[in-house]
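S.K.: Got entry13.pdb for you, PDB, C-alpha atoms, pLDDT in the B column:
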ATOM      1  CA  MET A   1      -0.120  11.520 -24.351  1.00 64.00           C
ATOM      2  CA  THR A   2      -3.267   9.654 -23.353  1.00 66.00           C
ATOM      3  CA  ARG A   3      -6.400  10.721 -25.197  1.00 85.00           C
ATOM      4  CA  ILE A   4      -9.804  10.272 -23.659  1.00 89.00           C
ATOM      5  CA  SER A   5     -12.970  10.731 -25.703  1.00 91.00           C
ATOM      6  CA  LYS A   6     -16.105  12.681 -24.889  1.00 91.00           C
ATOM      7  CA  GLU A   7     -18.025   9.401 -24.832  1.00 92.00           C
ATOM      8  CA  GLU A   8     -15.638   7.985 -22.232  1.00 93.00           C
ATOM      9  CA  VAL A   9     -16.034  11.114 -20.094  1.00 92.00           C
ATOM     10  CA  LYS A  10     -19.814  10.829 -20.317  1.00 93.00           C
ATOM     11  CA  LYS A  11     -19.683   7.126 -19.403  1.00 94.00           C
ATOM     12  CA  ILE A  12     -17.381   7.799 -16.434  1.00 92.00           C
ATOM     13  CA  ALA A  13     -19.680  10.586 -15.272  1.00 93.00           C
ATOM     14  CA  GLN A  14     -22.708   8.306 -15.583  1.00 93.00           C
ATOM     15  CA  MET A  15     -21.025   5.466 -13.663  1.00 94.00           C
ATOM     16  CA  SER A  16     -19.959   7.978 -10.999  1.00 93.00           C
ATOM     17  CA  ALA A  17     -23.474   9.410 -10.767  1.00 93.00           C
ATOM     18  CA  LEU A  18     -22.194  12.841 -11.813  1.00 92.00           C
ATOM     19  CA  GLU A  19     -24.144  15.283 -13.897  1.00 92.00           C
ATOM     20  CA  LEU A  20     -21.987  17.037 -16.493  1.00 92.00           C
ATOM     21  CA  ARG A  21     -23.139  19.850 -18.725  1.00 93.00           C
ATOM     22  CA  ASP A  22     -21.851  19.857 -22.305  1.00 91.00           C
ATOM     23  CA  ASP A  23     -19.692  22.907 -21.585  1.00 93.00           C
ATOM     24  CA  GLU A  24     -17.930  21.032 -18.744  1.00 94.00           C
ATOM     25  CA  ILE A  25     -16.906  17.989 -20.772  1.00 93.00           C
ATOM     26  CA  GLU A  26     -13.834  19.580 -22.392  1.00 92.00           C
ATOM     27  CA  SER A  27     -12.347  20.700 -19.072  1.00 93.00           C
ATOM     28  CA  VAL A  28     -13.052  17.294 -17.494  1.00 93.00           C
ATOM     29  CA  MET A  29     -11.408  15.611 -20.507  1.00 93.00           C
ATOM     30  CA  LYS A  30      -8.315  17.761 -20.037  1.00 93.00           C
ATOM     31  CA  ARG A  31      -8.096  17.041 -16.304  1.00 94.00           C
ATOM     32  CA  LEU A  32      -8.597  13.301 -16.796  1.00 93.00           C
ATOM     33  CA  GLU A  33      -5.880  13.268 -19.467  1.00 93.00           C
ATOM     34  CA  GLU A  34      -3.529  15.044 -17.041  1.00 93.00           C
ATOM     35  CA  VAL A  35      -4.265  12.444 -14.371  1.00 93.00           C
ATOM     36  CA  LEU A  36      -3.728   9.559 -16.782  1.00 92.00           C
ATOM     37  CA  ASN A  37      -0.487  11.079 -18.095  1.00 92.00           C
ATOM     38  CA  TYR A  38       0.768  11.554 -14.550  1.00 94.00           C
ATOM     39  CA  ALA A  39      -0.104   7.938 -13.695  1.00 92.00           C
ATOM     40  CA  ALA A  40       1.756   6.778 -16.814  1.00 90.00           C
ATOM     41  CA  ARG A  41       4.842   8.784 -15.794  1.00 91.00           C
ATOM     42  CA  VAL A  42       4.738   7.365 -12.266  1.00 91.00           C
ATOM     43  CA  THR A  43       4.441   3.862 -13.667  1.00 87.00           C
ATOM     44  CA  GLN A  44       7.411   4.460 -15.958  1.00 85.00           C
ATOM     45  CA  VAL A  45       9.559   5.883 -13.161  1.00 83.00           C
ATOM     46  CA  ALA A  46       8.644   2.977 -10.899  1.00 80.00           C
ATOM     47  CA  ALA A  47       9.560   0.502 -13.619  1.00 75.00           C
ATOM     48  CA  ASP A  48      12.897   2.245 -14.240  1.00 72.00           C
ATOM     49  CA  ALA A  49      13.838   2.498 -10.578  1.00 70.00           C
ATOM     50  CA  GLN A  50      15.539  -0.501  -9.158  1.00 62.00           C
ATOM     51  CA  GLU A  51      15.877   0.123  -5.485  1.00 63.00           C
ATOM     52  CA  LEU A  52      17.856  -2.283  -3.408  1.00 54.00           C
ATOM     53  CA  SER A  53      16.101  -2.756  -0.155  1.00 54.00           C
ATOM     54  CA  SER A  54      18.179  -3.949   2.750  1.00 54.00           C
ATOM     55  CA  LYS A  55      15.181  -3.706   5.034  1.00 62.00           C
ATOM     56  CA  ASN A  56      14.430  -7.051   6.620  1.00 65.00           C
ATOM     57  CA  SER A  57      17.402  -8.743   5.058  1.00 67.00           C
ATOM     58  CA  ASN A  58      20.447 -10.039   6.824  1.00 64.00           C
ATOM     59  CA  ILE A  59      23.548  -9.461   4.739  1.00 71.00           C
ATOM     60  CA  PHE A  60      25.968 -10.924   7.271  1.00 80.00           C
ATOM     61  CA  ARG A  61      24.788 -14.497   7.733  1.00 77.00           C
ATOM     62  CA  GLU A  62      22.195 -17.018   6.677  1.00 81.00           C
ATOM     63  CA  ASP A  63      18.940 -17.110   8.606  1.00 79.00           C
ATOM     64  CA  ILE A  64      18.835 -20.470  10.301  1.00 86.00           C
ATOM     65  CA  ALA A  65      15.846 -21.680  12.285  1.00 89.00           C
ATOM     66  CA  ARG A  66      16.937 -23.401  15.441  1.00 89.00           C
ATOM     67  CA  LYS A  67      14.955 -25.437  17.897  1.00 91.00           C
ATOM     68  CA  ALA A  68      14.668 -23.791  21.266  1.00 89.00           C
ATOM     69  CA  ASP A  69      13.485 -24.925  24.661  1.00 90.00           C
ATOM     70  CA  ARG A  70      10.197 -23.083  25.116  1.00 87.00           C
ATOM     71  CA  ASP A  71      10.160 -23.569  28.878  1.00 88.00           C
ATOM     72  CA  ALA A  72      13.672 -22.152  29.264  1.00 90.00           C
ATOM     73  CA  ILE A  73      12.695 -19.062  27.262  1.00 89.00           C
ATOM     74  CA  LEU A  74       9.434 -18.530  29.151  1.00 90.00           C
ATOM     75  CA  GLU A  75      11.274 -18.865  32.476  1.00 89.00           C
ATOM     76  CA  ARG A  76      13.107 -15.629  31.654  1.00 90.00           C
ATOM     77  CA  ALA A  77       9.852 -13.721  31.122  1.00 90.00           C
ATOM     78  CA  PRO A  78       8.713 -11.452  33.943  1.00 90.00           C
ATOM     79  CA  GLU A  79       5.227 -12.925  33.557  1.00 91.00           C
ATOM     80  CA  CYS A  80       3.737 -15.626  31.317  1.00 90.00           C
ATOM     81  CA  GLU A  81       0.452 -17.439  30.977  1.00 91.00           C
ATOM     82  CA  ASP A  82      -0.391 -20.545  28.908  1.00 90.00           C
ATOM     83  CA  ASN A  83       2.958 -20.526  27.067  1.00 86.00           C
ATOM     84  CA  PHE A  84       2.673 -16.813  26.156  1.00 90.00           C
ATOM     85  CA  TYR A  85       4.405 -13.690  27.442  1.00 90.00           C
ATOM     86  CA  VAL A  86       2.142 -11.366  29.404  1.00 91.00           C
ATOM     87  CA  VAL A  87       2.750  -7.743  28.464  1.00 90.00           C
ATOM     88  CA  PRO A  88       1.174  -4.518  29.702  1.00 88.00           C
ATOM     89  CA  SER A  89      -1.957  -3.453  27.848  1.00 86.00           C
ATOM     90  CA  ILE A  90      -1.484  -0.433  25.604  1.00 88.00           C
ATOM     91  CA  ILE A  91      -5.057  -0.206  24.333  1.00 87.00           C
ATOM     92  CA  GLU A  92      -7.560   1.494  26.550  1.00 80.00           C
ATOM     93  CA  ASP A  93     -11.045   0.048  26.953  1.00 72.00           C
ATOM     94  CA  LYS A  94     -13.821   2.409  25.967  1.00 66.00           C
TER      95      LYS A  94
END
As structure tokens, how would this structure be written, given the file I've shared?
M.R.:
Amino acid sequence: MTRISKEEVKKIAQMSALELRDDEIESVMKRLEEVLNYAARVTQVAADAQELSSKNSNIFREDIARKADRDAILERAPECEDNFYVVPSIIEDK
């Protein structure tokens, strides 16, 4: 369990430009400890979890960069300009 002191709560409040009354410090301490404990648990779970991500990985063959004829590829495009494909605009001007 993470312990946070009254002095730390006061310093955090000062840096955050918050005004805390003395009777509020205990409840703020408790809430901050809960947040820190939750963050520690999330960190531990994340460290324990070893997810295999197949996203963006090709498991069937090696990725091999091949030279291609740019002109031959651009000839297949419905419309091109200055060695780029021209596509319909999807963003409206305001």
S.K.: Could you pull the residues within 12 Å of Ala13 (chain A), counting all atoms listed in the file, minus those fewer than 5 positions along the same chain, as a list of chain:residue names?
M.R.: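 Contacts, with the query itself left out: A:Lys6, A:Glu7, A:Glu8, A:Leu18, A:Glu19, A:Leu20, A:Arg21, A:Asp22, A:Glu24, A:Ile25, A:Val28, A:Met29, A:Leu32.
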S.K.: Now that the selection is made, can you save its residues with C-alpha atoms as a PDB file, in the frame of the given file?
M.R.:
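Saved the output as out.pdb:
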ATOM      1  CA  LYS A   6     -16.105  12.681 -24.889  1.00 91.00           C
ATOM      2  CA  GLU A   7     -18.025   9.401 -24.832  1.00 92.00           C
ATOM      3  CA  GLU A   8     -15.638   7.985 -22.232  1.00 93.00           C
ATOM      4  CA  LEU A  18     -22.194  12.841 -11.813  1.00 92.00           C
ATOM      5  CA  GLU A  19     -24.144  15.283 -13.897  1.00 92.00           C
ATOM      6  CA  LEU A  20     -21.987  17.037 -16.493  1.00 92.00           C
ATOM      7  CA  ARG A  21     -23.139  19.850 -18.725  1.00 93.00           C
ATOM      8  CA  ASP A  22     -21.851  19.857 -22.305  1.00 91.00           C
ATOM      9  CA  GLU A  24     -17.930  21.032 -18.744  1.00 94.00           C
ATOM     10  CA  ILE A  25     -16.906  17.989 -20.772  1.00 93.00           C
ATOM     11  CA  VAL A  28     -13.052  17.294 -17.494  1.00 93.00           C
ATOM     12  CA  MET A  29     -11.408  15.611 -20.507  1.00 93.00           C
ATOM     13  CA  LEU A  32      -8.597  13.301 -16.796  1.00 93.00           C
TER      14      LEU A  32
END
S.K.: Report the distance between CA of Ala49 (chain A) and CA of Ile4 (chain A) in Å, rounded to one decimal place.
M.R.: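 Computed distance, CA of Ala49 (chain A) to CA of Ile4 (chain A), equals 28.1 Å.
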S.K.: If we count all atoms listed in the file and set the cut-off at 12 Å, which residues sit around Tyr85 (chain A), ignoring sequence neighbours fewer than 3 positions away in its own chain? Please answer as a VMD selection string.
M.R.: chain A and resid 70 to 71 73 to 82 88
S.K.: By how many Å are CA of Asn83 (chain A) and CA of Ala68 (chain A) apart?
M.R.: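 Interatomic distance here is 13.5 Å.
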S.K.: Please report the interatomic distance between CA of Glu34 (chain A) and CA of Ala17 (chain A) in Å with one decimal.
M.R.: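 So the two atoms, CA of Glu34 (chain A) and CA of Ala17 (chain A), lie 21.7 Å apart.
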S.K.: Identify which of the residues A:Arg61, A:Arg3, A:Ala47, A:Ser89 lies closest to Glu26 (chain A), counting only C-alpha atoms when measuring atom-to-atom distances.
M.R.: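 Closest residue, counting only C-alpha atoms: A:Arg3.
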S.K.: Determine the axis-aligned bounding box of all atoms of region 89-92 of chain A present in the file, pad each side by 5 Å, and express its centre and edge lengths in Å to one decimal place as lines of an AutoDock Vina configuration file.
M.R.:
center_x = -4.5
center_y = -1.0
center_z = 26.1
size_x = 16.1
size_y = 14.9
size_z = 13.5
